[in-house]
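Coordinates from start_27.cif are shown below (mmCIF, C-alpha atoms).
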data_target
loop_
_atom_site.label_atom_id
_atom_site.label_comp_id
_atom_site.auth_asym_id
_atom_site.auth_seq_id
_atom_site.Cartn_x
_atom_site.Cartn_y
_atom_site.Cartn_z
CA MET A 25 6.47 -32.85 -24.11
CA THR A 26 7.81 -34.37 -20.86
CA THR A 27 11.38 -35.04 -19.76
CA ASP A 28 10.71 -38.79 -19.84
CA GLN A 29 10.07 -38.57 -23.60
CA PHE A 30 13.66 -37.60 -24.49
CA LEU A 31 15.94 -38.44 -21.52
CA PRO A 32 18.64 -39.70 -21.38
CA MET A 33 20.31 -37.30 -23.81
CA ASP A 34 23.60 -35.48 -24.26
CA ASP A 35 23.96 -31.69 -23.95
CA ASN A 36 23.93 -30.92 -27.68
CA SER A 37 20.89 -33.10 -28.37
CA ALA A 38 19.00 -31.58 -25.42
CA THR A 39 19.74 -28.06 -26.69
CA ALA A 40 18.47 -28.97 -30.17
CA VAL A 41 15.26 -30.54 -28.83
CA PHE A 42 14.44 -27.62 -26.53
CA ASP A 43 15.36 -25.09 -29.23
CA ALA A 44 12.93 -26.76 -31.61
CA ASN A 45 10.07 -27.09 -29.12
CA GLY A 46 10.54 -24.14 -26.77
CA VAL A 47 11.89 -20.63 -26.34
CA ASP A 48 15.07 -19.04 -24.95
CA VAL A 49 13.90 -17.03 -21.90
CA THR A 50 17.26 -15.48 -20.94
CA PRO A 51 17.39 -11.67 -21.13
CA ARG A 52 20.54 -11.82 -23.29
CA LYS A 53 19.21 -14.65 -25.50
CA ASP A 54 22.39 -16.63 -24.90
CA ARG A 55 20.57 -20.01 -24.91
CA GLY A 56 21.27 -20.50 -21.21
CA VAL A 57 17.66 -21.31 -20.24
CA PHE A 58 15.16 -22.89 -22.62
CA LYS A 59 11.51 -23.25 -21.65
CA VAL A 60 8.86 -25.59 -23.05
CA VAL A 61 5.28 -24.96 -21.85
CA ARG A 62 3.47 -28.18 -20.98
CA ARG A 63 0.28 -26.58 -19.60
CA GLN A 64 -0.81 -22.98 -20.12
CA GLY A 65 -1.45 -20.78 -17.09
CA LEU A 66 -4.80 -19.44 -15.92
CA ASP A 67 -4.32 -15.75 -16.74
CA GLY A 68 -1.89 -13.34 -18.38
CA GLU A 69 -0.31 -11.97 -15.20
CA ARG A 70 3.25 -13.02 -14.33
CA PRO A 71 5.39 -12.68 -11.18
CA MET A 72 7.41 -9.50 -10.68
CA ILE A 73 10.77 -9.07 -8.95
CA GLY A 74 10.44 -9.66 -5.20
CA ASP A 75 7.12 -11.51 -5.41
CA LYS A 76 6.73 -14.49 -3.11
CA VAL A 77 6.19 -17.49 -5.39
CA THR A 78 5.09 -21.03 -4.57
CA VAL A 79 6.19 -23.85 -6.88
CA HIS A 80 6.42 -27.61 -7.24
CA TYR A 81 9.49 -28.89 -9.07
CA THR A 82 11.39 -31.98 -10.13
CA GLY A 83 15.09 -31.76 -11.01
CA LYS A 84 16.82 -34.26 -13.28
CA LEU A 85 20.21 -34.72 -14.89
CA LEU A 86 20.36 -35.24 -18.66
CA SER A 87 20.98 -38.92 -17.87
CA GLY A 88 17.40 -39.01 -16.55
CA LYS A 89 18.48 -39.40 -12.91
CA LYS A 90 16.23 -37.48 -10.51
CA PHE A 91 18.17 -35.47 -7.91
CA ASP A 92 15.41 -33.46 -6.19
CA CYS A 93 11.60 -33.34 -6.07
CA SER A 94 9.28 -31.22 -3.95
CA ARG A 95 6.31 -33.49 -4.63
CA GLU A 96 8.05 -36.44 -3.03
CA ARG A 97 8.43 -34.29 0.10
CA LYS A 98 4.73 -33.42 -0.23
CA GLU A 99 5.53 -29.76 0.34
CA PRO A 100 5.73 -26.95 -2.24
CA PHE A 101 8.70 -24.58 -2.22
CA CYS A 102 8.43 -20.80 -1.60
CA PHE A 103 10.93 -18.03 -2.39
CA ASN A 104 11.13 -14.37 -3.42
CA VAL A 105 11.72 -14.37 -7.16
CA GLY A 106 14.41 -12.21 -8.74
CA LYS A 107 16.27 -11.74 -5.44
CA GLY A 108 19.07 -14.27 -6.01
CA GLN A 109 17.68 -16.70 -3.43
CA VAL A 110 17.65 -19.60 -5.91
CA LEU A 111 19.34 -20.68 -9.16
CA LYS A 112 19.51 -17.98 -11.88
CA ALA A 113 17.51 -20.30 -14.15
CA TRP A 114 14.69 -20.42 -11.61
CA ASP A 115 14.53 -16.63 -11.26
CA ILE A 116 14.41 -16.23 -15.05
CA GLY A 117 12.12 -19.16 -15.77
CA VAL A 118 9.54 -18.53 -13.03
CA MET A 119 9.22 -14.85 -13.95
CA SER A 120 8.18 -15.96 -17.44
CA MET A 121 5.38 -18.19 -16.11
CA GLN A 122 1.69 -17.65 -15.41
CA ARG A 123 -0.21 -18.86 -12.37
CA GLY A 124 -1.04 -22.56 -12.85
CA GLU A 125 1.45 -23.00 -15.69
CA VAL A 126 3.55 -26.18 -15.95
CA CYS A 127 6.77 -26.05 -17.96
CA THR A 128 10.11 -27.78 -18.48
CA LEU A 129 13.34 -25.78 -18.21
CA LEU A 130 16.68 -26.78 -19.72
CA CYS A 131 19.31 -24.96 -17.65
CA LYS A 132 22.94 -24.62 -18.77
CA PRO A 133 25.69 -24.73 -16.08
CA ASP A 134 26.12 -20.93 -15.90
CA TYR A 135 22.44 -20.63 -14.91
CA ALA A 136 22.37 -23.72 -12.69
CA TYR A 137 25.12 -25.28 -10.55
CA GLY A 138 28.16 -23.89 -12.40
CA PRO A 139 31.63 -25.41 -12.70
CA THR A 140 31.55 -26.95 -9.21
CA GLY A 141 28.18 -28.68 -9.40
CA ASN A 142 26.68 -30.02 -6.18
CA PRO A 143 28.60 -32.75 -4.31
CA ASP A 144 27.04 -36.24 -4.54
CA LYS A 145 24.19 -34.92 -6.72
CA ILE A 146 25.30 -32.71 -9.66
CA PRO A 147 28.57 -33.31 -11.55
CA PRO A 148 30.63 -30.19 -12.44
CA ASN A 149 29.54 -28.21 -15.53
CA SER A 150 26.25 -30.08 -15.87
CA SER A 151 23.14 -28.97 -17.70
CA VAL A 152 20.01 -29.92 -15.76
CA VAL A 153 16.29 -30.12 -16.44
CA PHE A 154 13.55 -28.87 -14.13
CA GLU A 155 9.84 -29.57 -14.41
CA MET A 156 8.16 -26.55 -12.78
CA GLU A 157 4.59 -25.77 -11.75
CA LEU A 158 3.78 -22.24 -10.59
CA LEU A 159 1.10 -22.70 -7.94
CA ASN A 160 0.77 -19.10 -6.77
CA PHE A 161 2.50 -15.74 -6.36
CA GLU A 162 1.88 -12.57 -4.38
CA GLY A 163 3.60 -9.24 -3.82
CA GLU A 164 6.29 -8.66 -1.21
CA ILE A 165 4.67 -7.68 2.11
CA LEU A 166 6.59 -4.75 3.61
CA THR A 167 4.70 -4.39 6.92
CA THR A 168 3.71 -6.89 9.60
CA ASP A 169 0.03 -6.01 9.15
CA GLY A 170 0.12 -6.51 5.38
CA GLY A 171 -0.83 -2.87 4.77
CA ILE A 172 1.93 -2.22 2.19
CA VAL A 173 2.60 -4.72 -0.60
CA ARG A 174 5.31 -4.09 -3.21
CA ARG A 175 5.71 -5.50 -6.71
CA ILE A 176 8.87 -4.44 -8.57
CA LYS A 177 8.46 -3.68 -12.28
CA VAL A 178 12.05 -2.48 -12.89
CA LYS A 179 14.91 -3.48 -10.61
CA GLY A 180 17.04 -0.64 -9.24
CA GLU A 181 20.81 -0.23 -9.25
CA GLY A 182 23.35 -0.80 -6.50
CA TYR A 183 22.78 -1.78 -2.89
CA SER A 184 22.11 1.60 -1.26
CA ASN A 185 18.64 2.72 -0.11
CA PRO A 186 17.24 6.03 1.15
CA ASN A 187 17.05 6.34 4.94
CA ASP A 188 14.89 8.49 7.20
CA GLY A 189 15.84 12.11 6.50
CA ALA A 190 17.10 11.34 2.98
CA SER A 191 16.16 13.68 0.12
CA VAL A 192 14.47 11.76 -2.71
CA ASP A 193 13.32 12.59 -6.24
CA VAL A 194 10.46 10.39 -7.44
CA HIS A 195 7.84 10.08 -10.13
CA LEU A 196 4.41 9.13 -8.77
CA GLU A 197 1.24 7.77 -10.36
CA GLY A 198 -1.62 7.10 -7.94
CA ARG A 199 -4.74 5.10 -8.81
CA CYS A 200 -7.96 4.25 -7.03
CA GLY A 201 -9.56 1.43 -8.96
CA ASP A 202 -8.93 2.24 -12.62
CA ARG A 203 -8.87 6.02 -12.09
CA LEU A 204 -5.57 7.93 -12.17
CA PHE A 205 -5.77 10.67 -9.52
CA ASP A 206 -2.11 11.66 -9.00
CA CYS A 207 0.66 11.97 -11.58
CA ARG A 208 3.72 14.12 -10.84
CA ASP A 209 7.44 14.43 -10.24
CA VAL A 210 8.14 15.43 -6.65
CA SER A 211 11.03 15.79 -4.21
CA PHE A 212 10.62 15.24 -0.48
CA VAL A 213 12.40 14.23 2.71
CA VAL A 214 11.81 10.62 3.79
CA GLY A 215 9.74 10.72 6.97
CA GLU A 216 8.13 14.01 5.94
CA GLY A 217 6.22 12.97 2.82
CA GLU A 218 3.02 14.19 4.46
CA ASP A 219 4.20 17.75 3.77
CA LYS A 220 3.93 17.08 0.01
CA GLY A 221 0.63 15.17 0.18
CA ILE A 222 2.37 11.82 -0.19
CA PRO A 223 0.68 8.82 1.48
CA LEU A 224 2.37 7.24 4.48
CA GLY A 225 2.79 3.94 2.61
CA VAL A 226 4.84 5.55 -0.16
CA ASP A 227 7.02 7.34 2.40
CA ARG A 228 7.58 4.11 4.40
CA ALA A 229 8.50 2.08 1.29
CA MET A 230 11.35 4.42 0.35
CA ASP A 231 13.95 2.67 2.51
CA LYS A 232 13.34 -0.58 0.57
CA MET A 233 13.92 0.98 -2.87
CA GLN A 234 17.06 1.41 -4.96
CA ARG A 235 17.99 4.14 -7.42
CA GLY A 236 16.17 3.60 -10.72
CA GLU A 237 13.64 1.15 -9.27
CA CYS A 238 10.05 1.29 -10.46
CA CYS A 239 7.52 -0.53 -8.31
CA LEU A 240 3.82 -0.83 -7.60
CA LEU A 241 2.74 -0.20 -4.00
CA TYR A 242 -0.63 -1.60 -2.93
CA LEU A 243 -1.75 0.44 0.08
CA LYS A 244 -4.49 -0.33 2.59
CA PRO A 245 -6.37 2.74 3.93
CA LYS A 246 -4.13 2.97 7.01
CA TYR A 247 -1.16 3.63 4.70
CA GLY A 248 -3.13 5.55 2.09
CA PHE A 249 -5.57 8.33 2.90
CA GLY A 250 -7.20 6.65 5.90
CA SER A 251 -10.75 7.15 7.11
CA GLU A 252 -10.69 10.76 5.93
CA GLY A 253 -9.93 10.12 2.26
CA LYS A 254 -8.45 12.85 0.09
CA SER A 255 -11.00 15.30 -1.26
CA GLU A 256 -8.61 17.05 -3.64
CA TYR A 257 -8.01 13.71 -5.38
CA LYS A 258 -11.67 12.65 -5.03
CA VAL A 259 -10.60 9.57 -3.09
CA GLY A 260 -13.23 8.57 -0.53
CA PRO A 261 -12.65 7.28 3.01
CA ASP A 262 -11.22 3.81 3.68
CA LYS A 263 -10.17 3.20 0.08
CA ASP A 264 -7.38 0.89 -1.08
CA ILE A 265 -5.07 2.69 -3.50
CA VAL A 266 -2.14 1.76 -5.74
CA TYR A 267 0.91 3.94 -6.41
CA GLU A 268 3.46 3.35 -9.13
CA VAL A 269 6.70 4.86 -7.82
CA THR A 270 9.95 5.45 -9.69
CA LEU A 271 12.92 6.45 -7.53
CA LYS A 272 14.91 8.71 -9.85
CA ASN A 273 17.55 9.84 -7.38
CA PHE A 274 18.29 10.30 -3.68
CA LYS A 275 20.81 11.64 -1.20
CA ARG A 276 21.09 9.76 2.06
CA ALA A 277 20.94 11.58 5.38
CA LYS A 278 23.82 11.13 7.79
CA GLU A 279 23.53 8.03 9.94
CA SER A 280 23.88 8.25 13.71
CA TRP A 281 27.45 6.93 13.63
CA GLU A 282 28.42 9.62 11.09
CA MET A 283 27.50 12.48 13.47
CA ASP A 284 29.15 13.61 16.67
CA VAL A 285 27.02 14.42 19.72
CA ASN A 286 26.98 18.17 19.02
CA GLU A 287 25.66 17.63 15.47
CA LYS A 288 22.93 15.41 16.86
CA LEU A 289 21.88 17.94 19.46
CA ASP A 290 21.75 20.66 16.81
CA VAL A 291 19.16 18.78 14.73
CA VAL A 292 17.19 17.08 17.52
CA SER A 293 15.19 20.18 18.46
CA VAL A 294 14.13 20.66 14.81
CA VAL A 295 13.05 17.00 14.54
CA LYS A 296 11.20 17.19 17.86
CA ASN A 297 9.28 20.29 16.71
CA LYS A 298 8.42 18.51 13.47
CA GLY A 299 7.06 15.56 15.43
CA ASN A 300 5.01 17.88 17.62
CA GLN A 301 3.53 19.57 14.54
CA TYR A 302 2.49 16.20 13.13
CA PHE A 303 0.98 15.15 16.46
CA LYS A 304 -1.10 18.34 16.73
CA ALA A 305 -2.31 17.80 13.17
CA GLY A 306 -3.42 14.26 14.07
CA ARG A 307 -0.70 12.65 11.90
CA HIS A 308 0.41 10.25 14.60
CA HIS A 309 2.25 7.79 12.33
CA GLN A 310 4.38 10.63 10.98
CA ALA A 311 5.02 11.92 14.50
CA VAL A 312 6.23 8.46 15.54
CA ILE A 313 8.87 8.55 12.78
CA GLN A 314 10.31 11.83 14.10
CA TYR A 315 10.41 10.77 17.77
CA GLN A 316 12.02 7.45 16.86
CA ARG A 317 14.77 9.31 14.99
CA ILE A 318 15.63 11.21 18.19
CA ILE A 319 15.87 7.97 20.17
CA SER A 320 18.03 6.27 17.52
CA TRP A 321 20.48 9.20 17.66
CA LEU A 322 20.71 9.78 21.41
CA GLU A 323 19.70 6.62 23.28
CA PHE A 324 23.29 5.41 23.67
CA GLU A 325 24.99 8.81 23.90
CA CYS A 326 26.50 9.98 27.19
CA GLY A 327 27.78 13.41 26.15
CA THR A 328 30.59 15.36 27.74
CA GLY A 329 29.88 16.75 31.18
CA ILE A 330 26.89 16.62 33.49
CA GLU A 331 24.93 19.38 31.74
CA GLN A 332 25.14 17.79 28.28
CA HIS A 333 24.33 14.35 29.70
CA LYS A 334 21.19 15.75 31.34
CA ARG A 335 20.19 17.49 28.11
CA ILE A 336 20.52 14.21 26.18
CA GLN A 337 18.57 12.30 28.81
CA ASP A 338 15.77 14.89 28.75
CA TYR A 339 15.44 14.60 24.96
CA VAL A 340 15.33 10.79 25.10
CA LEU A 341 12.77 10.65 27.92
CA THR A 342 10.59 13.25 26.21
CA ALA A 343 10.74 11.30 22.94
CA HIS A 344 9.65 8.11 24.71
CA LEU A 345 6.81 9.95 26.46
CA ASN A 346 5.67 11.45 23.15
CA LEU A 347 5.86 8.03 21.50
CA ALA A 348 3.65 6.61 24.26
CA LEU A 349 1.09 9.33 23.58
CA CYS A 350 1.18 8.60 19.83
CA PHE A 351 0.77 4.86 20.39
CA LEU A 352 -2.22 5.51 22.66
CA ARG A 353 -3.86 7.51 19.86
CA LEU A 354 -3.01 4.73 17.36
CA LYS A 355 -4.41 2.08 19.73
CA GLU A 356 -1.01 0.36 19.82
CA PHE A 357 -1.25 -0.23 23.56
CA SER A 358 1.59 -2.74 23.93
CA GLN A 359 4.00 -0.29 22.30
CA ALA A 360 2.68 2.50 24.53
CA VAL A 361 3.47 0.38 27.61
CA GLU A 362 6.93 -0.37 26.22
CA SER A 363 7.69 3.33 25.69
CA CYS A 364 6.54 4.16 29.21
CA ASN A 365 8.69 1.37 30.64
CA LYS A 366 11.75 2.95 29.00
CA VAL A 367 11.06 6.16 30.91
CA ILE A 368 10.28 4.44 34.21
CA GLU A 369 13.57 2.52 34.00
CA GLN A 370 15.32 5.90 34.20
CA ASP A 371 12.81 7.74 36.39
CA GLU A 372 10.54 5.44 38.41
CA SER A 373 8.44 8.36 39.67
CA ASN A 374 7.77 9.95 36.29
CA GLU A 375 4.17 11.09 36.58
CA LYS A 376 3.42 11.18 32.84
CA ALA A 377 4.94 7.75 32.17
CA LEU A 378 3.01 6.13 35.03
CA TYR A 379 -0.24 7.78 33.95
CA ARG A 380 0.13 6.87 30.26
CA ARG A 381 1.11 3.30 31.11
CA GLY A 382 -1.98 3.12 33.31
CA GLU A 383 -4.12 4.34 30.40
CA ALA A 384 -2.65 1.72 28.06
CA ARG A 385 -3.14 -1.06 30.60
CA LEU A 386 -6.70 0.02 31.27
CA LEU A 387 -7.44 -0.12 27.54
CA ARG A 388 -5.91 -3.62 27.47
CA ASN A 389 -8.33 -4.62 30.28
CA GLU A 390 -5.43 -5.12 32.68
CA TYR A 391 -7.35 -3.50 35.51
CA SER A 392 -5.15 -4.48 38.46
CA LEU A 393 -1.97 -3.28 36.74
CA ALA A 394 -3.69 -0.06 35.64
CA MET A 395 -4.90 0.60 39.19
CA ALA A 396 -1.37 0.11 40.51
CA ASP A 397 -0.05 2.71 38.02
CA PHE A 398 -2.73 5.29 38.88
CA GLN A 399 -2.12 4.74 42.60
CA LYS A 400 1.59 5.43 42.03
CA VAL A 401 0.66 8.61 40.18
CA LEU A 402 -1.32 9.74 43.23
CA GLU A 403 1.64 8.92 45.47
CA VAL A 404 3.80 11.18 43.30
CA ASN A 405 1.13 13.88 42.95
CA PRO A 406 -1.92 13.52 45.26
CA SER A 407 -3.68 16.41 43.49
CA ASN A 408 -3.76 14.63 40.09
CA ARG A 409 -7.53 14.56 39.56
CA ALA A 410 -7.29 12.73 36.24
CA ALA A 411 -5.51 9.80 37.91
CA ARG A 412 -8.15 9.72 40.68
CA GLY A 413 -10.86 9.62 38.01
CA GLN A 414 -9.09 6.80 36.17
CA LEU A 415 -8.78 4.88 39.44
CA SER A 416 -12.57 5.05 39.86
CA SER A 417 -12.97 3.97 36.24
CA CYS A 418 -10.70 0.97 36.87
CA GLN A 419 -12.74 -0.07 39.90
CA SER A 420 -16.07 0.18 38.07
CA LYS A 421 -14.74 -1.64 34.99
CA MET A 422 -13.25 -4.35 37.19
CA LYS A 423 -16.64 -4.78 38.87
CA GLU A 424 -18.38 -4.96 35.47
CA HIS A 425 -15.83 -7.51 34.32
CA GLN A 426 -16.39 -9.66 37.41
CA GLU A 427 -20.18 -9.50 36.91
CA GLN A 428 -19.79 -10.56 33.28
CA GLU A 429 -17.55 -13.45 34.33
CA LYS A 430 -20.15 -14.56 36.89
CA LYS A 431 -22.86 -14.56 34.20
CA ILE A 432 -20.60 -16.45 31.78
CA TYR A 433 -19.76 -19.10 34.38
CA ALA A 434 -23.38 -19.32 35.54
CA ASN A 435 -24.54 -19.90 31.96
CA MET A 436 -21.73 -22.36 31.45
CA PHE A 437 -22.64 -24.40 34.55
CA GLN A 438 -26.33 -24.30 33.59
CA LYS A 439 -25.50 -25.66 30.13
CA PHE A 440 -23.34 -28.38 31.70
CA ALA A 441 -26.21 -29.30 34.05
CA GLU A 442 -28.72 -29.38 31.17
CA ARG A 443 -26.36 -31.49 29.11
CA ASP A 444 -25.78 -33.90 32.02
CA SER A 445 -29.53 -34.10 32.63
CA LYS A 446 -30.18 -34.77 28.95
CA THR A 447 -27.39 -37.37 28.87
CA GLY A 448 -28.90 -39.03 31.96
CA ARG A 449 -32.38 -39.18 30.39
CA THR A 450 -30.95 -40.61 27.17
CA LYS A 451 -28.96 -43.19 29.15
CA ARG A 452 -32.05 -44.22 31.13
CA ARG A 453 -34.07 -44.64 27.93
CA LYS A 454 -31.30 -46.78 26.46
CA ASP A 455 -31.13 -48.90 29.64
CA GLU A 456 -34.91 -49.39 29.67
CA SER A 457 -34.87 -50.28 25.99
CA MET A 458 -32.04 -52.76 26.56
CA ARG A 459 -33.83 -54.39 29.52
CA SER A 460 -37.01 -54.68 27.50
CA SER A 461 -35.11 -56.23 24.63
CA MET A 462 -33.34 -58.66 26.95
CA ASN A 463 -36.63 -59.68 28.59
CA GLY A 464 -38.10 -60.38 25.16
CA GLU A 465 -35.11 -62.51 24.19
CA VAL A 466 -35.33 -64.50 27.46
CA GLY A 467 -39.02 -65.25 26.78
CA ILE A 468 -38.25 -66.43 23.26
CA LYS A 469 -35.42 -68.67 24.48
CA ARG A 470 -37.71 -70.21 27.13
CA ARG A 471 -40.35 -70.98 24.51
CA ARG A 472 -37.71 -72.53 22.25
CA ARG A 473 -36.38 -74.71 25.07
CA SER A 474 -39.93 -75.95 25.85
CA GLN A 475 -40.31 -77.04 22.22
CA ASP A 476 -36.89 -78.74 22.06
CA TYR A 477 -37.57 -81.06 25.03
CA PRO A 478 -40.29 -83.77 25.24
CA SER A 479 -43.42 -82.80 27.15
#

Once more with this new file: its structure as structure tokens, please.
Amino acid sequence: MTTDQFLPMDDNSATAVFDANGVDVTPRKDRGVFKVVRRQGLDGERPMIGDKVTVHYTGKLLSGKKFDCSRERKEPFCFNVGKGQVLKAWDIGVMSMQRGEVCTLLCKPDYAYGPTGNPDKIPPNSSVVFEMELLNFEGEILTTDGGIVRRIKVKGEGYSNPNDGASVDVHLEGRCGDRLFDCRDVSFVVGEGEDKGIPLGVDRAMDKMQRGECCLLYLKPKYGFGSEGKSEYKVGPDKDIVYEVTLKNFKRAKESWEMDVNEKLDVVSVVKNKGNQYFKAGRHHQAVIQYQRIISWLEFECGTGIEQHKRIQDYVLTAHLNLALCFLRLKEFSQAVESCNKVIEQDESNEKALYRRGEARLLRNEYSLAMADFQKVLEVNPSNRAARGQLSSCQSKMKEHQEQEKKIYANMFQKFAERDSKTGRTKRRKDESMRSSMNGEVGIKRRRRSQDYPS
């Protein structure tokens, strides 16, 4: 069944045809969206709320007039399904489809363009028809490195989400492959899930969830149990895992703007100690969360009086220095440099900031910049033997780098010379062949001319 088979048609006739050939896919079964499958999908899996879907579509009025078509633009359309980014009919219809499926949707005004329509395209209170093809879908990527992917099974309520420091009550089910290794109800503080044996990825996804939401979290090792694995769960090193998480309830922590400076200073020392504990335990991601909380609270605070201002500044600078150390351990060298720069902006002779920035730059192969940082460290503290050692390391690595570059360029020039030589030989052979051919042709022409004229 295609739209061309029955259009044009009035609203009542269209409803009857789709009712007879298709199915009402609205949750309330109010006949607002009918679907007729034209081609079955490839497998049984369907998109979940929040998935990024890719579709081709053609939109038509019941008169048969086409008003939009992605194929004519030669570009498929992408959106996050179930998030209200598109027409209600699309959210409902696409979530009922399988990958590769082609279907026709009859969409009533309440699920399409409503009482106002769309100027110059859709008259008010119009039912419309869409031919849809679901090309692909994938979970919602929550991190820039793709390490946490979420697929929502049950949408949550309201618009509020847990924040760092919030108390949450969740139900967890963790799987590695087909094996269930973790099933429990647990309460924890967001940012401190490590204390309850909760993977970093689950902790970090909390601020995207709503009360009552149930979702699947696909975690890469970095956000799961890492290179160590989890022996108590019999999960080996570097394993991908999946957690089904239901957020049953939560109580948000106070935001920065809800606390006065004295409240902030009261909790900062506790958070700093927590970060230090995580750092000593090698949980650098978790330590980063704690130090970043301190900065978010105090970075723009001035305090009352010189003493309080200095206390605030000390906490902020220490947090940035600790962040730099964490980022060095995590091999996030650009972020380490950024954290050090924040300190140096306030204290250009800060020995630790200069040294750690030098370390990060050295590991980024920025030898000249690293040497400059280590030299500044020695200006501040001439007895800093570590900086002197790093300076020697910079010089030797710079020399190695220059030697490697010489070899690379030497090989490059040799290859160019060989190529030019080969090209020259080929050209000479072609020239010789051409001259030989031309000489042969001249001889033939002379013989022909001698035969054409009387002797």

Legend entry - Selection dump of the PyMOL selection byres ((chain A and resi 253-269) around 9), as a PyMOL selection string: chain A and resi 194-201+205-206+226+237-252+270-271

Inset, instruction - Go ahead and find all residues with at least one atom no further than 12 Å from (16.7, -35.5, -22.0) in the file's coordinates, using only C-alpha atoms; report them as a VMD selection string. - result: chain A and resid 25 to 42 83 to 90 128 to 131 151 to 155

Inset, instruction - Determine the residue membership of the PyMOL selection byres ((chain A and resi 364-381) around 8) for the file above and supply it as a list of chain:residue names. - result: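 For this structure, the PyMOL selection byres ((chain A and resi 364-381) around 8) captures A:Leu341, A:His344, A:Leu345, A:Ala348, A:Leu349, A:Ala360, A:Val361, A:Glu362, A:Ser363, A:Gly382, A:Glu383, A:Ala384, A:Arg385, A:Ala394, A:Asp397, A:Phe398, A:Lys400, A:Val401, A:Val404, A:Asn405, A:Ala411.
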
Given the selection you just returned, output its residues as a file containing C-alpha atoms, formatted as an mmCIF file, keeping the file's coordinate frame.
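The result, stored in result_3.cif:
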data_model
loop_
_atom_site.group_PDB
_atom_site.id
_atom_site.type_symbol
_atom_site.label_atom_id
_atom_site.label_comp_id
_atom_site.auth_asym_id
_atom_site.auth_seq_id
_atom_site.Cartn_x
_atom_site.Cartn_y
_atom_site.Cartn_z
ATOM 1 C CA LEU A 341 12.770 10.650 27.920
ATOM 2 C CA HIS A 344 9.650 8.110 24.710
ATOM 3 C CA LEU A 345 6.810 9.950 26.460
ATOM 4 C CA ALA A 348 3.650 6.610 24.260
ATOM 5 C CA LEU A 349 1.090 9.330 23.580
ATOM 6 C CA ALA A 360 2.680 2.500 24.530
ATOM 7 C CA VAL A 361 3.470 0.380 27.610
ATOM 8 C CA GLU A 362 6.930 -0.370 26.220
ATOM 9 C CA SER A 363 7.690 3.330 25.690
ATOM 10 C CA GLY A 382 -1.980 3.120 33.310
ATOM 11 C CA GLU A 383 -4.120 4.340 30.400
ATOM 12 C CA ALA A 384 -2.650 1.720 28.060
ATOM 13 C CA ARG A 385 -3.140 -1.060 30.600
ATOM 14 C CA ALA A 394 -3.690 -0.060 35.640
ATOM 15 C CA ASP A 397 -0.050 2.710 38.020
ATOM 16 C CA PHE A 398 -2.730 5.290 38.880
ATOM 17 C CA LYS A 400 1.590 5.430 42.030
ATOM 18 C CA VAL A 401 0.660 8.610 40.180
ATOM 19 C CA VAL A 404 3.800 11.180 43.300
ATOM 20 C CA ASN A 405 1.130 13.880 42.950
ATOM 21 C CA ALA A 411 -5.510 9.800 37.910
#

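Across the chains present, the PyMOL selection byres ((chain A and resi 74) around 9) applied to this file returns Pro71, Met72, Ile73, Asp75, Lys76, Val77, Phe103, Asn104, Val105, Gly106, Lys107, Gly163, Glu164, Arg174, Arg175 and Ile176 of chain A.
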
Inset, instruction - Kindly give the distance, in Å, that separates CA of Gln337 in chain A and CA of Ser320 in chain A, rounded to a single decimal. - result: 12.8 Å

Legend entry - Contact residues around Gln310 in chain A with all atoms listed in the file at 10 Å, ignoring same-chain residues under 6 positions, as a ChimeraX atom specification: /A:215-218,224,227-228,298-303,350

Could you turn the residues from that selection into a file that holds C-alpha atoms, as a compact mmCIF listing (two decimals), in the coordinates of the input?
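This went into part-v6.txt:
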# COMPACT_ATOMS: atom_id res chain seq x y z
CA GLY A 215 9.74 10.72 6.97
CA GLU A 216 8.13 14.01 5.94
CA GLY A 217 6.22 12.97 2.82
CA GLU A 218 3.02 14.19 4.46
CA LEU A 224 2.37 7.24 4.48
CA ASP A 227 7.02 7.34 2.40
CA ARG A 228 7.58 4.11 4.40
CA LYS A 298 8.42 18.51 13.47
CA GLY A 299 7.06 15.56 15.43
CA ASN A 300 5.01 17.88 17.62
CA GLN A 301 3.53 19.57 14.54
CA TYR A 302 2.49 16.20 13.13
CA PHE A 303 0.98 15.15 16.46
CA CYS A 350 1.18 8.60 19.83

Using all atoms listed in the file, which residues sit within 12 Å of Gly141 in chain A once same-chain residues fewer than 4 positions away are excluded, as a CSV table (one decimal) with C-alpha atoms, in the coordinates of the input?
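Printed below is part.csv as written:
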chain,number,residue,atom,x,y,z
A,85,LEU,CA,20.2,-34.7,-14.9
A,111,LEU,CA,19.3,-20.7,-9.2
A,132,LYS,CA,22.9,-24.6,-18.8
A,133,PRO,CA,25.7,-24.7,-16.1
A,134,ASP,CA,26.1,-20.9,-15.9
A,135,TYR,CA,22.4,-20.6,-14.9
A,136,ALA,CA,22.4,-23.7,-12.7
A,137,TYR,CA,25.1,-25.3,-10.6
A,145,LYS,CA,24.2,-34.9,-6.7
A,146,ILE,CA,25.3,-32.7,-9.7
A,147,PRO,CA,28.6,-33.3,-11.6
A,148,PRO,CA,30.6,-30.2,-12.4
A,149,ASN,CA,29.5,-28.2,-15.5
A,150,SER,CA,26.2,-30.1,-15.9
A,151,SER,CA,23.1,-29.0,-17.7
A,152,VAL,CA,20.0,-29.9,-15.8

Legend entry - Point-to-point distance from CA of Val57 in chain A to CA of Ser120 in chain A, Å rounded to tenths: 11.2 Å

Legend entry - Atom-to-atom span, CA of Ser416 in chain A and CA of Lys355 in chain A, Å: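 Computing the Euclidean distance for CA of Ser416 in chain A and CA of Lys355 in chain A yields 21.9 Å.
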